[in-house]
>>> print(open('run.cif').read())   # mmCIF, C-alpha atoms and all ligand atoms
data_my_file
#
loop_
_atom_site.label_atom_id
_atom_site.label_comp_id
_atom_site.auth_asym_id
_atom_site.auth_seq_id
_atom_site.Cartn_x
_atom_site.Cartn_y
_atom_site.Cartn_z
CA MET A 1 6.77 38.99 -46.18
CA ALA A 2 3.75 40.64 -44.67
CA ILE A 3 0.45 40.84 -46.54
CA LEU A 4 -1.86 43.80 -45.97
CA ARG A 5 -5.55 43.43 -46.75
CA LEU A 6 -8.20 46.15 -46.75
CA PRO A 7 -11.44 44.17 -46.68
CA ALA A 8 -13.74 47.20 -47.07
CA LEU A 9 -11.95 48.16 -50.28
CA GLY A 10 -11.35 44.62 -51.60
CA ARG A 11 -7.69 45.54 -51.85
CA GLN A 12 -4.53 43.62 -51.01
CA ILE A 13 -0.98 45.00 -50.80
CA VAL A 14 2.08 42.74 -50.88
CA ASP A 15 4.79 45.22 -51.89
CA VAL A 16 6.89 46.07 -48.82
CA ASP A 17 7.30 49.76 -49.74
CA GLU A 18 3.56 50.16 -50.37
CA ILE A 19 2.74 48.48 -47.06
CA TYR A 20 5.21 50.80 -45.33
CA GLU A 21 3.63 53.90 -46.94
CA TYR A 22 0.02 52.88 -46.32
CA LEU A 23 0.72 52.22 -42.64
CA LYS A 24 2.93 55.28 -42.19
CA GLU A 25 0.10 57.55 -43.37
CA ARG A 26 -1.92 56.17 -40.46
CA GLY A 27 0.82 56.58 -37.84
CA ILE A 28 1.83 52.92 -37.89
CA TYR A 29 5.47 52.06 -38.39
CA TYR A 30 6.42 48.92 -40.33
CA ASP A 31 9.84 47.55 -41.16
CA ARG A 32 11.62 44.37 -42.22
CA TRP A 33 14.55 43.03 -40.23
CA GLU A 34 16.71 39.99 -40.95
CA ALA A 35 15.27 37.04 -39.00
CA ASP A 36 17.35 34.01 -39.84
CA ALA A 37 18.07 32.61 -36.36
CA GLU A 38 16.53 29.23 -35.60
CA PHE A 39 15.40 28.19 -32.16
CA ALA A 40 14.29 24.99 -30.48
CA ARG A 41 10.60 25.07 -29.46
CA THR A 42 11.79 25.16 -25.85
CA ALA A 43 14.37 27.95 -26.34
CA ASP A 44 14.16 30.54 -23.56
CA SER A 45 13.76 34.30 -23.91
CA GLU A 46 17.43 34.91 -23.24
CA ALA A 47 18.47 32.85 -26.28
CA VAL A 48 16.15 34.88 -28.51
CA LEU A 49 17.27 38.25 -27.12
CA GLN A 50 20.89 37.20 -27.47
CA ALA A 51 20.43 36.22 -31.14
CA TYR A 52 19.01 39.70 -31.92
CA ARG A 53 21.05 41.69 -29.42
CA SER A 54 22.07 44.47 -31.83
CA GLU A 55 18.47 45.04 -33.04
CA VAL A 56 17.18 44.90 -29.46
CA SER A 57 19.84 47.42 -28.32
CA ALA A 58 18.83 49.80 -31.12
CA LEU A 59 15.23 49.94 -29.90
CA ILE A 60 16.24 50.13 -26.24
CA SER A 61 18.36 53.16 -27.11
CA GLN A 62 15.22 54.77 -28.59
CA GLY A 63 13.52 54.50 -25.18
CA PHE A 64 11.78 51.13 -25.48
CA SER A 65 13.51 49.73 -22.45
CA GLN A 66 10.96 47.05 -21.51
CA VAL A 67 11.65 43.99 -23.63
CA ASP A 68 10.24 40.48 -23.46
CA VAL A 69 9.75 37.49 -25.71
CA MET A 70 6.35 36.00 -26.41
CA SER A 71 6.39 32.45 -27.61
CA VAL A 72 3.30 30.50 -28.57
CA ASN A 73 3.27 27.00 -30.01
CA GLU A 74 1.61 23.62 -29.56
CA LEU A 75 3.31 23.24 -26.17
CA THR A 76 1.63 26.40 -24.82
CA PRO A 77 -1.09 25.58 -22.26
CA ASP A 78 -4.63 26.99 -22.72
CA LEU A 79 -4.12 28.06 -26.32
CA ASP A 80 -7.86 28.63 -26.81
CA ALA A 81 -8.07 30.99 -23.83
CA LEU A 82 -5.04 32.88 -25.12
CA ASP A 83 -6.58 33.11 -28.58
CA ASP A 84 -9.76 34.62 -27.09
CA GLN A 85 -7.77 37.13 -25.08
CA PHE A 86 -5.72 38.34 -28.08
CA ALA A 87 -8.76 38.47 -30.35
CA ARG A 88 -10.71 41.12 -28.38
CA GLU A 89 -10.36 44.69 -29.59
CA HIS A 90 -8.18 46.75 -27.26
CA THR A 91 -5.83 49.71 -26.99
CA HIS A 92 -2.64 50.38 -25.01
CA GLU A 93 -1.36 53.53 -23.32
CA ASP A 94 2.04 52.80 -24.85
CA PHE A 95 3.33 51.90 -28.28
CA GLU A 96 3.03 48.20 -29.05
CA ILE A 97 6.12 47.08 -30.92
CA ARG A 98 6.61 43.53 -32.05
CA PHE A 99 9.34 41.91 -34.05
CA PHE A 100 8.36 38.48 -35.38
CA VAL A 101 11.26 36.04 -35.23
CA GLU A 102 9.26 32.89 -36.04
CA GLY A 103 5.84 31.77 -37.17
CA GLU A 104 3.06 34.17 -38.06
CA GLY A 105 0.06 36.07 -36.77
CA VAL A 106 -2.50 38.56 -38.02
CA PHE A 107 -3.01 42.05 -36.63
CA PHE A 108 -6.38 43.70 -37.19
CA LEU A 109 -5.97 47.46 -36.98
CA ASN A 110 -8.97 49.75 -36.68
CA PRO A 111 -7.94 53.31 -37.60
CA GLY A 112 -11.51 54.55 -37.06
CA GLU A 113 -14.24 56.49 -38.92
CA GLY A 114 -14.01 56.50 -42.69
CA GLU A 115 -11.08 54.12 -42.80
CA SER A 116 -11.01 50.46 -43.81
CA LEU A 117 -10.05 47.93 -41.21
CA ILE A 118 -6.46 46.82 -41.88
CA GLU A 119 -5.62 43.13 -41.76
CA LEU A 120 -1.85 42.71 -41.57
CA ARG A 121 -0.44 39.18 -41.70
CA CYS A 122 3.01 39.27 -40.11
CA VAL A 123 5.70 36.62 -40.55
CA ALA A 124 9.31 36.23 -39.40
CA GLY A 125 11.25 39.42 -40.11
CA ASP A 126 8.28 41.79 -39.78
CA LEU A 127 8.49 44.61 -37.27
CA ILE A 128 5.38 46.58 -36.44
CA SER A 129 4.89 49.53 -34.13
CA LEU A 130 1.32 50.48 -33.23
CA PRO A 131 0.87 53.97 -31.81
CA ARG A 132 -0.71 54.38 -28.39
CA GLY A 133 -4.49 54.37 -28.50
CA LEU A 134 -4.84 52.54 -31.83
CA LYS A 135 -7.69 50.02 -31.63
CA HIS A 136 -6.53 46.56 -32.62
CA TRP A 137 -6.72 42.85 -32.01
CA PHE A 138 -4.58 39.87 -32.93
CA GLU A 139 -5.30 36.37 -34.21
CA MET A 140 -2.94 33.43 -34.30
CA GLY A 141 -4.64 31.86 -37.33
CA ASP A 142 -4.46 28.18 -38.08
CA VAL A 143 -0.71 27.94 -37.62
CA ARG A 144 -0.89 28.84 -33.93
CA HIS A 145 2.81 29.34 -33.73
CA PHE A 146 4.71 32.57 -33.37
CA ARG A 147 7.60 33.92 -31.44
CA CYS A 148 8.12 37.65 -31.20
CA ILE A 149 10.11 40.19 -29.26
CA ARG A 150 7.92 42.86 -27.68
CA PHE A 151 9.11 46.32 -26.73
CA PHE A 152 7.44 48.88 -24.50
CA SER A 153 8.56 52.18 -23.11
CA HIS A 154 7.24 51.51 -19.59
CA ASP A 155 6.43 48.45 -17.50
CA LYS A 156 2.63 48.81 -17.71
CA GLY A 157 2.71 49.41 -21.48
CA TRP A 158 1.52 45.92 -22.37
CA ILE A 159 -1.74 46.20 -20.39
CA PRO A 160 -4.73 45.97 -22.77
CA HIS A 161 -7.74 48.27 -22.38
CA TYR A 162 -10.63 46.40 -23.96
CA THR A 163 -13.00 48.52 -26.03
CA GLY A 164 -15.97 46.14 -25.66
CA SER A 165 -16.47 46.23 -29.43
CA ASP A 166 -17.67 43.06 -31.16
CA LEU A 167 -16.15 44.09 -34.49
CA ASN A 168 -13.76 41.12 -34.25
CA LEU A 169 -16.65 38.65 -34.01
CA LYS A 170 -18.55 40.32 -36.88
CA TYR A 171 -15.45 40.29 -38.99
CA ARG A 172 -14.68 36.64 -38.22
CA LYS A 173 -18.26 35.71 -39.13
CA GLN A 174 -18.13 37.67 -42.41
CA SER A 175 -14.84 36.04 -43.36
CA SER A 176 -16.19 32.55 -42.83
CA GLU A 177 -19.32 33.16 -44.95
FE FE A 201 -2.21 44.85 -28.23
#
>>> encode(input="run.cif", output="structure tokens")
Amino acid sequence: MAILRLPALGRQIVDVDEIYEYLKERGIYYDRWEADAEFARTADSEAVLQAYRSEVSALISQGFSQVDVMSVNELTPDLDALDDQFAREHTHEDFEIRFFVEGEGVFFLNPGEGESLIELRCVAGDLISLPRGLKHWFEMGDVRHFRCIRFFSHDKGWIPHYTGSDLNLKYRKQSSE
């Protein structure tokens, strides 16, 4: 299950319905799907999409026709470079929808003025949909293993627009103190 932390408020939410409500009020959609398929480390995208074909079809029918699978594990080359790339604050011109089928990762969501940063640890079964324009970054954490299905409504949707903010570095520093 996901864990939502609000560092500015010293608050943590673990109840699925409360997480759903908190995110919904900020235009972020969260859901839980069954994720019980197991894959070999080397399994290809097709195997993953096939295992979740009915869920994938449901989102495609809602207009998210661009689908791919992102798989990161100890076999992935240049993990450090990838980590750096994910961990810079950015936005997208499209929704960013991810369904975690394995492993875990942490989204940092920055809703803006007057709002606490949201730290959302996602694990297998978590589905998150970030609205277009929401500032965010992503960290793999110590596990450095996740596999997720990504959905976009157009083929350039995944392109990140970096904000140039160093909030991620400040936050990382604070957390390690
Ligand atoms: Fe993103």
>>> residues_around(input="run.cif", residues="Gln66 of chain A", least_positions_apart="5", cutoff="7 Å", atoms="all atoms listed in the file", output="list in words")
Phe151, Phe152, Ser153, His154 and Asp155 of chain A
>>> atom_distance(input="run.cif", atom1="atom CA of Leu75 of chain A", atom2="atom CA of Thr42 of chain A")
8.7 Å
>>> closest_residue(input="run.cif", among="A:Asp83, A:Glu38, A:Asp142, A:Glu96", to="ligand FE 201 (chain A)", atoms="all atoms listed in the file")
A:Glu96
>>> residues_near_ligand(input="run.cif", ligand="ligand FE 201 (chain A)", cutoff="7 Å", atoms="all atoms listed in the file", output="PyMOL selection string")
chain A and resi 90-92+96+136-137+160
>>> closest_residue(input="run.cif", among="A:Ala87, A:Val69, A:Ile60, A:Ala8", to="Ser45 of chain A", atoms="all atoms listed in the file")
A:Val69
>>> residues_around(input="run.cif", residues="Ala47 of chain A", least_positions_apart="4", cutoff="12 Å", atoms="only C-alpha atoms", output="list in words")
Ala37, Glu38, Phe39, Ala40, Arg41, Thr42, Ala43, Ala51, Tyr52, Arg53, Asp68, Val69, Val101 and Ile149 of chain A
>>> atom_distance(input="run.cif", atom1="atom CA of Leu120 of chain A", atom2="atom CA of Gly105 of chain A")
8.4 Å
>>> atom_distance(input="run.cif", atom1="atom CA of Glu113 of chain A", atom2="atom CA of Arg172 of chain A")
19.9 Å
>>> closest_atom_pairs(input="run.cif", of="segment 63-121 of chain A", to="segment 143-146 of chain A", cutoff="9 Å", atoms="all atoms listed in the file", output="Markdown table")
| residue | atom | partner | partner_atom | distance |
| --- | --- | --- | --- | --- |
| A:Met70 | CA | A:Phe146 | CA | 7.9 |
| A:Ser71 | CA | A:Phe146 | CA | 6.0 |
| A:Val72 | CA | A:His145 | CA | 5.3 |
| A:Asn73 | CA | A:His145 | CA | 4.4 |
| A:Glu74 | CA | A:His145 | CA | 7.2 |
| A:Leu79 | CA | A:Arg144 | CA | 8.3 |
| A:Asp83 | CA | A:Arg144 | CA | 8.9 |
| A:Phe100 | CA | A:Phe146 | CA | 7.2 |
| A:Val101 | CA | A:Phe146 | CA | 7.6 |
| A:Glu102 | CA | A:Phe146 | CA | 5.3 |
| A:Gly103 | CA | A:Phe146 | CA | 4.0 |
| A:Glu104 | CA | A:Phe146 | CA | 5.2 |
| A:Gly105 | CA | A:Phe146 | CA | 6.7 |
>>> closest_residue(input="run.cif", among="A:Val67, A:Cys122, A:Val14, A:Val106", to="Leu49 of chain A", atoms="all atoms listed in the file")
A:Val67
>>> closest_residue(input="run.cif", among="A:Ile118, A:Ile97, A:Phe86, A:Asp126", to="His161 of chain A", atoms="only C-alpha atoms")
A:Phe86
>>> closest_residue(input="run.cif", among="A:Ser57, A:Ser176, A:Gln12, A:Thr163", to="Asn110 of chain A", atoms="all atoms listed in the file")
A:Thr163
>>> build_atoms(input="run.cif", residues="segment 7-28 of chain A", atoms="N, CA and C atoms", output="short mmCIF file (atom, residue, chain, number, x, y, z; two decimals), keeping the file's coordinate frame")
data_model
loop_
_atom_site.label_atom_id
_atom_site.label_comp_id
_atom_site.auth_asym_id
_atom_site.auth_seq_id
_atom_site.Cartn_x
_atom_site.Cartn_y
_atom_site.Cartn_z
N PRO A 7 -10.21 44.86 -46.28
CA PRO A 7 -11.44 44.17 -46.68
C PRO A 7 -12.53 45.09 -47.20
N ALA A 8 -12.66 46.29 -46.63
CA ALA A 8 -13.74 47.20 -47.07
C ALA A 8 -13.51 47.69 -48.49
N LEU A 9 -12.27 47.66 -48.94
CA LEU A 9 -11.95 48.16 -50.28
C LEU A 9 -11.65 47.02 -51.25
N GLY A 10 -11.67 45.78 -50.76
CA GLY A 10 -11.35 44.62 -51.60
C GLY A 10 -9.94 44.72 -52.16
N ARG A 11 -9.04 45.28 -51.37
CA ARG A 11 -7.69 45.54 -51.85
C ARG A 11 -6.66 44.77 -51.03
N GLN A 12 -5.61 44.33 -51.70
CA GLN A 12 -4.53 43.62 -51.01
C GLN A 12 -3.19 44.22 -51.44
N ILE A 13 -2.30 44.43 -50.48
CA ILE A 13 -0.98 45.00 -50.80
C ILE A 13 0.09 44.03 -50.33
N VAL A 14 1.00 43.67 -51.24
CA VAL A 14 2.08 42.74 -50.88
C VAL A 14 3.46 43.40 -51.02
N ASP A 15 3.51 44.53 -51.70
CA ASP A 15 4.79 45.22 -51.89
C ASP A 15 5.20 45.89 -50.57
N VAL A 16 6.43 45.60 -50.13
CA VAL A 16 6.89 46.07 -48.82
C VAL A 16 6.83 47.60 -48.72
N ASP A 17 7.28 48.30 -49.78
CA ASP A 17 7.30 49.76 -49.74
C ASP A 17 5.88 50.34 -49.67
N GLU A 18 4.95 49.69 -50.40
CA GLU A 18 3.56 50.16 -50.37
C GLU A 18 2.93 49.92 -49.00
N ILE A 19 3.26 48.77 -48.41
CA ILE A 19 2.74 48.48 -47.06
C ILE A 19 3.26 49.54 -46.09
N TYR A 20 4.56 49.80 -46.19
CA TYR A 20 5.21 50.80 -45.33
C TYR A 20 4.48 52.15 -45.46
N GLU A 21 4.25 52.58 -46.71
CA GLU A 21 3.63 53.90 -46.94
C GLU A 21 2.19 53.94 -46.42
N TYR A 22 1.43 52.89 -46.73
CA TYR A 22 0.02 52.88 -46.32
C TYR A 22 -0.08 52.98 -44.79
N LEU A 23 0.78 52.22 -44.10
CA LEU A 23 0.72 52.22 -42.64
C LEU A 23 1.25 53.54 -42.07
N LYS A 24 2.31 54.04 -42.69
CA LYS A 24 2.93 55.28 -42.19
C LYS A 24 1.93 56.44 -42.20
N GLU A 25 1.11 56.49 -43.27
CA GLU A 25 0.10 57.55 -43.37
C GLU A 25 -0.91 57.48 -42.23
N ARG A 26 -0.98 56.34 -41.57
CA ARG A 26 -1.92 56.17 -40.46
C ARG A 26 -1.19 56.07 -39.12
N GLY A 27 0.06 56.51 -39.10
CA GLY A 27 0.82 56.58 -37.84
C GLY A 27 1.36 55.25 -37.36
N ILE A 28 1.36 54.26 -38.27
CA ILE A 28 1.83 52.92 -37.89
C ILE A 28 3.16 52.67 -38.58
#
